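Chemist: One structure follows; several queries about it will come next.
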Amino acid sequence: MTFLDATSTAAAPDRVSLAEPRDFLALLKPRVMSLVVLTAITGLVMAPGDLHPTLAFIAILSIAMGAGASGALNMWYDADIDRLMTRTAQRPVAAGRIAPETALGFGVGLSCLSVMMLGLATNWFAAALLAFTIFFYAVIYTMGLKRRTPQNIVIGGAAGAFPPMIGWAAVTGGVALESIVLFLIIFLWTPPHFWALALFKLKDYGSAGVPMLPNVAGERATRNQIFLYSLILVPVAVAPWLLGFAGPVYGIAAIVLGANFLRHAYATLRMPDGDAQMVPAKKLFAFSIFYLFGLFAILLVEGIVGGMVSTGGL
């Protein structure tokens with residue numbers, strides 16, 4: 001049975017829709033969106049220059065809508081494999097509460113609206129970057145890489161790393177070293193974060209036929225890659241302080257958080273093959289979320305305080 005065959009039944013015109021407002025909210029992947037909003041606001045606040053508060057709000061709303069559109073398109077295309085995994089089986093399209101064509105139309109419409117809003121409110125370079133991010137996640141990652149290569153997360157992770165660059169571009173009309181460093185932090189964080197998840201969800205991905213690294217290269221190779229990426233990530237995360245666009249509070253926090261990230265990554269590296277519980281991997285996955293939120297929250301607070309000081313508001 002093809003994907004279209006599998007979804008045609010769920011999309012039958014005489015079927016009563018089971019969708020509720022919360023299903024359309026779930027379609028936007030709000031947890032992912034919250035990270036996108038935080039990192040985009042951080043890029044916007046740290047960027048040199050001024051943006052009217054109303055335009056800044058529209059810019060962040062547009063970026064959030066673009067992230068939500070990407071999530072909707074991802075759930076539309078991946079509904080067939082989402083049904084096969086316990087982690088995703090209750091997503092609204094996979095569970096049949098939202099018809100595939102509804103999710104597709106919702107995602108495409110939201111994509112166009114978000115790009116137009118950002119372009120009109122700020123500049124078309126930022127809008128083009130947002131459009132490319134949506135395309136990268138929905139087409140290059142979801143349709144092209146996810147089912148074909150165990151490096152799907154490495155390459156596809158770039159989509160999640162663009163929001164601070166978009167926030168920066170909304171203010172400046174371009175990119176700079178600072179925004180590239182912020183991009184790199186998220187880009188390098190993505191593989192250890194998702195591979196930790198893939199380790200303890202190995203059977204889920206295997207049943208869905210998704211070639212995640214543990215299923216293709218094995219647990220040991222995945223643990224090695226997690227530790228390698230962690231070793232690269234931690235010093236890059238300290239770079240904003242070393243390069244002078246973050247303060248000592250961030251620098252100390254990045255070092256402390258980075259040491260704990262490495263501790264969890266090393267515990268995962270030492271995890272025995274065939275570990276049924278995979279506690280170290282679960283702890284790394286949970287801490288990695290706190291780690292990234294912590295870094296960007298501190299950068300954001302420092303940026304706000306620095307802006308208030310420079311304008312004499314503090």
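Here's how to read the names in the structure tokens: chain A, B, ... by the order shown, residue numbers from 1 in each chain, ligand numbers from 1 in the order shown.
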Show me, as a ChimeraX atom specification, the residues that have an atom within 8 Å of A:Thr42 when counting only C-alpha atoms, minus same-chain residues fewer than 2 positions from it.
Modeler: /A:38-40,44-46,164,167,296-297,299-300,303
Chemist: Limited to N, CA, C and O atoms, could you put the picked residues into a file as a CSV table (one decimal), in the first residue's frame?
Modeler:
```
chain,number,residue,atom,x,y,z
A,38,LEU,N,12.4,31.3,21.0
A,38,LEU,CA,13.4,31.8,21.9
A,38,LEU,C,14.7,32.1,21.1
A,38,LEU,O,15.3,33.2,21.3
A,39,THR,N,15.1,31.2,20.2
A,39,THR,CA,16.3,31.5,19.4
A,39,THR,C,16.2,32.7,18.4
A,39,THR,O,17.1,33.4,18.2
A,40,ALA,N,15.0,32.8,17.9
A,40,ALA,CA,14.8,33.9,16.9
A,40,ALA,C,14.8,35.2,17.7
A,40,ALA,O,15.4,36.2,17.2
A,44,LEU,N,17.3,38.4,17.2
A,44,LEU,CA,16.8,39.7,16.9
A,44,LEU,C,17.3,40.8,18.0
A,44,LEU,O,17.7,41.9,17.6
A,45,VAL,N,17.3,40.4,19.2
A,45,VAL,CA,17.7,41.3,20.3
A,45,VAL,C,19.2,41.6,20.2
A,45,VAL,O,19.7,42.7,20.5
A,46,MET,N,20.0,40.5,19.9
A,46,MET,CA,21.5,40.7,19.8
A,46,MET,C,21.9,41.5,18.6
A,46,MET,O,23.1,42.0,18.6
A,164,PRO,N,17.8,32.0,14.7
A,164,PRO,CA,18.5,33.2,15.2
A,164,PRO,C,19.1,34.0,14.0
A,164,PRO,O,19.2,35.2,14.1
A,167,GLY,N,16.2,36.1,12.8
A,167,GLY,CA,15.9,37.2,13.7
A,167,GLY,C,16.9,38.3,13.5
A,167,GLY,O,16.6,39.5,13.5
A,296,PHE,N,20.5,30.0,25.3
A,296,PHE,CA,19.9,31.1,24.6
A,296,PHE,C,19.1,32.0,25.5
A,296,PHE,O,18.9,33.2,25.2
A,297,ALA,N,18.6,31.5,26.6
A,297,ALA,CA,17.9,32.4,27.6
A,297,ALA,C,18.8,33.4,28.2
A,297,ALA,O,18.5,34.5,28.4
A,299,LEU,N,21.7,34.4,26.8
A,299,LEU,CA,22.1,35.3,25.8
A,299,LEU,C,21.0,36.4,25.6
A,299,LEU,O,21.3,37.6,25.4
A,300,LEU,N,19.8,35.9,25.6
A,300,LEU,CA,18.6,36.9,25.5
A,300,LEU,C,18.6,37.9,26.6
A,300,LEU,O,18.5,39.1,26.3
A,303,GLY,N,21.4,40.3,26.2
A,303,GLY,CA,21.1,41.2,25.1
A,303,GLY,C,20.1,42.3,25.5
A,303,GLY,O,20.3,43.5,25.2
```
Chemist: Please provide as a PyMOL selection string all residues within 6 Å of A:Phe187, with the sequence filter that same-chain residues fewer than 3 positions apart are discarded (counting only C-alpha atoms).
Modeler: chain A and resi 157-158+161+184+190
Chemist: Write out, as a PDB file, in the first residue's frame, the residues just selected, with N, CA, C and O atoms.
Modeler:
```pdb
ATOM      1  N   GLY A 157      19.399  19.126  10.386  1.00  0.00           N
ATOM      2  CA  GLY A 157      19.453  19.980  11.565  1.00  0.00           C
ATOM      3  C   GLY A 157      19.671  21.439  11.243  1.00  0.00           C
ATOM      4  O   GLY A 157      19.394  22.315  12.076  1.00  0.00           O
ATOM      5  N   ALA A 158      20.151  21.727  10.049  1.00  0.00           N
ATOM      6  CA  ALA A 158      20.353  23.125   9.655  1.00  0.00           C
ATOM      7  C   ALA A 158      19.038  23.901   9.687  1.00  0.00           C
ATOM      8  O   ALA A 158      19.021  25.099  10.004  1.00  0.00           O
ATOM      9  N   ALA A 161      18.428  25.393  12.902  1.00  0.00           N
ATOM     10  CA  ALA A 161      19.482  26.324  13.319  1.00  0.00           C
ATOM     11  C   ALA A 161      19.332  27.706  12.700  1.00  0.00           C
ATOM     12  O   ALA A 161      20.030  28.642  13.103  1.00  0.00           O
ATOM     13  N   LEU A 184      25.625  27.792  14.391  1.00  0.00           N
ATOM     14  CA  LEU A 184      26.482  26.627  14.611  1.00  0.00           C
ATOM     15  C   LEU A 184      26.183  25.941  15.939  1.00  0.00           C
ATOM     16  O   LEU A 184      26.269  24.710  16.035  1.00  0.00           O
ATOM     17  N   THR A 190      22.160  19.532  17.486  1.00  0.00           N
ATOM     18  CA  THR A 190      21.088  18.671  16.976  1.00  0.00           C
ATOM     19  C   THR A 190      21.459  17.190  16.912  1.00  0.00           C
ATOM     20  O   THR A 190      20.669  16.345  17.359  1.00  0.00           O
TER      21      THR A 190
END
```
Chemist: Which is closest to A:Arg220 among A:Ala127, A:Leu199, A:Ala121, A:Ala176, if we use only C-alpha atoms?
Modeler: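 Smallest distance to A:Arg220 is found for A:Leu199.
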Chemist: Mind the document's chain letters and residue numbers, and return as JSON, numbers by chain the residues of stretch 124-276 of chain A that DSSP labels alpha helix (DSSP H).
Modeler: {"A": [124, 125, 126, 127, 128, 129, 130, 131, 132, 133, 134, 135, 152, 153, 154, 155, 156, 157, 158, 159, 160, 161, 163, 164, 165, 166, 167, 168, 169, 170, 171, 172, 177, 178, 179, 180, 181, 182, 183, 184, 185, 186, 187, 188, 189, 190, 191, 192, 193, 194, 195, 196, 197, 198, 199, 200, 202, 203, 204, 205, 206, 207, 208, 213, 214, 215, 216, 217, 219, 220, 221, 222, 223, 224, 225, 226, 227, 228, 229, 230, 231, 232, 233, 234, 235, 236, 237, 238, 239, 240, 241, 242, 248, 249, 250, 251, 252, 253, 254, 255, 256, 257, 258, 259, 260, 261, 262, 263, 264, 265, 266, 267, 268, 269]}
Chemist: Using only C-alpha atoms, which residue out of A:Arg83, A:Ala221, A:Phe293, A:Lys203 lies closest to A:Val37?
Modeler: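 Result for the nearest residue to A:Val37: A:Phe293.
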Chemist: Could you tell me which of A:Ser179, A:Asn152, A:Asn123, A:Asn260 comes closest to A:Ala59 if we count only C-alpha atoms?
Modeler: A:Asn123
Chemist: May I ask which of the residues A:Trp76, A:Phe245, A:Tyr266, A:Phe57 is the closest one to A:Ile41, counting only C-alpha atoms?
Modeler: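 So, comparing all the options, the nearest one is A:Phe57.
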Chemist: Do a neighbour search on A:Gly156 at 7 Å with only C-alpha atoms, toss out local chain neighbours closer than 3 positions, and write the hits as a list in words.
Modeler: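 Skipping anything fewer than 3 positions along the chain leaves Tyr137, Tyr141, Asn152, Ile153 and Ala159 of chain A.
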Chemist: Taking only C-alpha atoms into account, name the residue in A:Thr88, A:Leu118, A:Val305, A:Phe200 that is nearest to A:Pro280.
Modeler: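 Of A:Thr88, A:Leu118, A:Val305, A:Phe200, the one nearest A:Pro280, counting only C-alpha atoms, is A:Phe200.
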Chemist: Smallest atom-to-atom distance to A:Ala72: which of A:Gly251, A:Gly49, A:Gly218, A:Pro100, using only C-alpha atoms?
Modeler: A:Pro100
Chemist: Can you tell me how far atom CA of A:Ala56 sits from atom CA of A:Tyr250, in Å to one decimal?
Modeler: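 Interatomic distance here is 24.0 Å.
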Chemist: Write out as an MDAnalysis selection string which residues come within 12 Å of A:Ala259 when counting only C-alpha atoms, dropping same-chain ones fewer than 2 positions away.
Modeler: chainID A and resid 230:231 233:235 237:238 252:257 261:266 287:288 291
Chemist: Pick out the residues sitting within 10 Å of A:Leu55, and hand them over as a list in words; count only C-alpha atoms, and ignore anything fewer than 6 positions along from it in its own chain.
Modeler: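 The neighbour list is Leu61, Met117, Leu118, Leu120, Ala121, Thr122, Ala170 and Val171 of chain A.
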Chemist: Can you spit out the residues from that selection as an mmCIF file, in the first residue's frame, using C-alpha atoms?
Modeler:
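Result went into again17.cif, see below:
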```
data_model
loop_
_atom_site.group_PDB
_atom_site.id
_atom_site.type_symbol
_atom_site.label_atom_id
_atom_site.label_comp_id
_atom_site.auth_asym_id
_atom_site.auth_seq_id
_atom_site.Cartn_x
_atom_site.Cartn_y
_atom_site.Cartn_z
ATOM 1 C CA LEU A 61 5.184 35.904 14.977
ATOM 2 C CA MET A 117 4.321 39.089 6.705
ATOM 3 C CA LEU A 118 8.042 38.990 7.494
ATOM 4 C CA LEU A 120 6.467 43.405 4.537
ATOM 5 C CA ALA A 121 7.281 44.039 8.206
ATOM 6 C CA THR A 122 11.084 43.903 7.984
ATOM 7 C CA ALA A 170 15.099 40.950 10.330
ATOM 8 C CA VAL A 171 16.983 43.792 12.032
#
```
Chemist: Distance atom CA of A:Thr133-atom CA of A:Ile185, one decimal place?
Modeler: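 The value is 16.7 Å.
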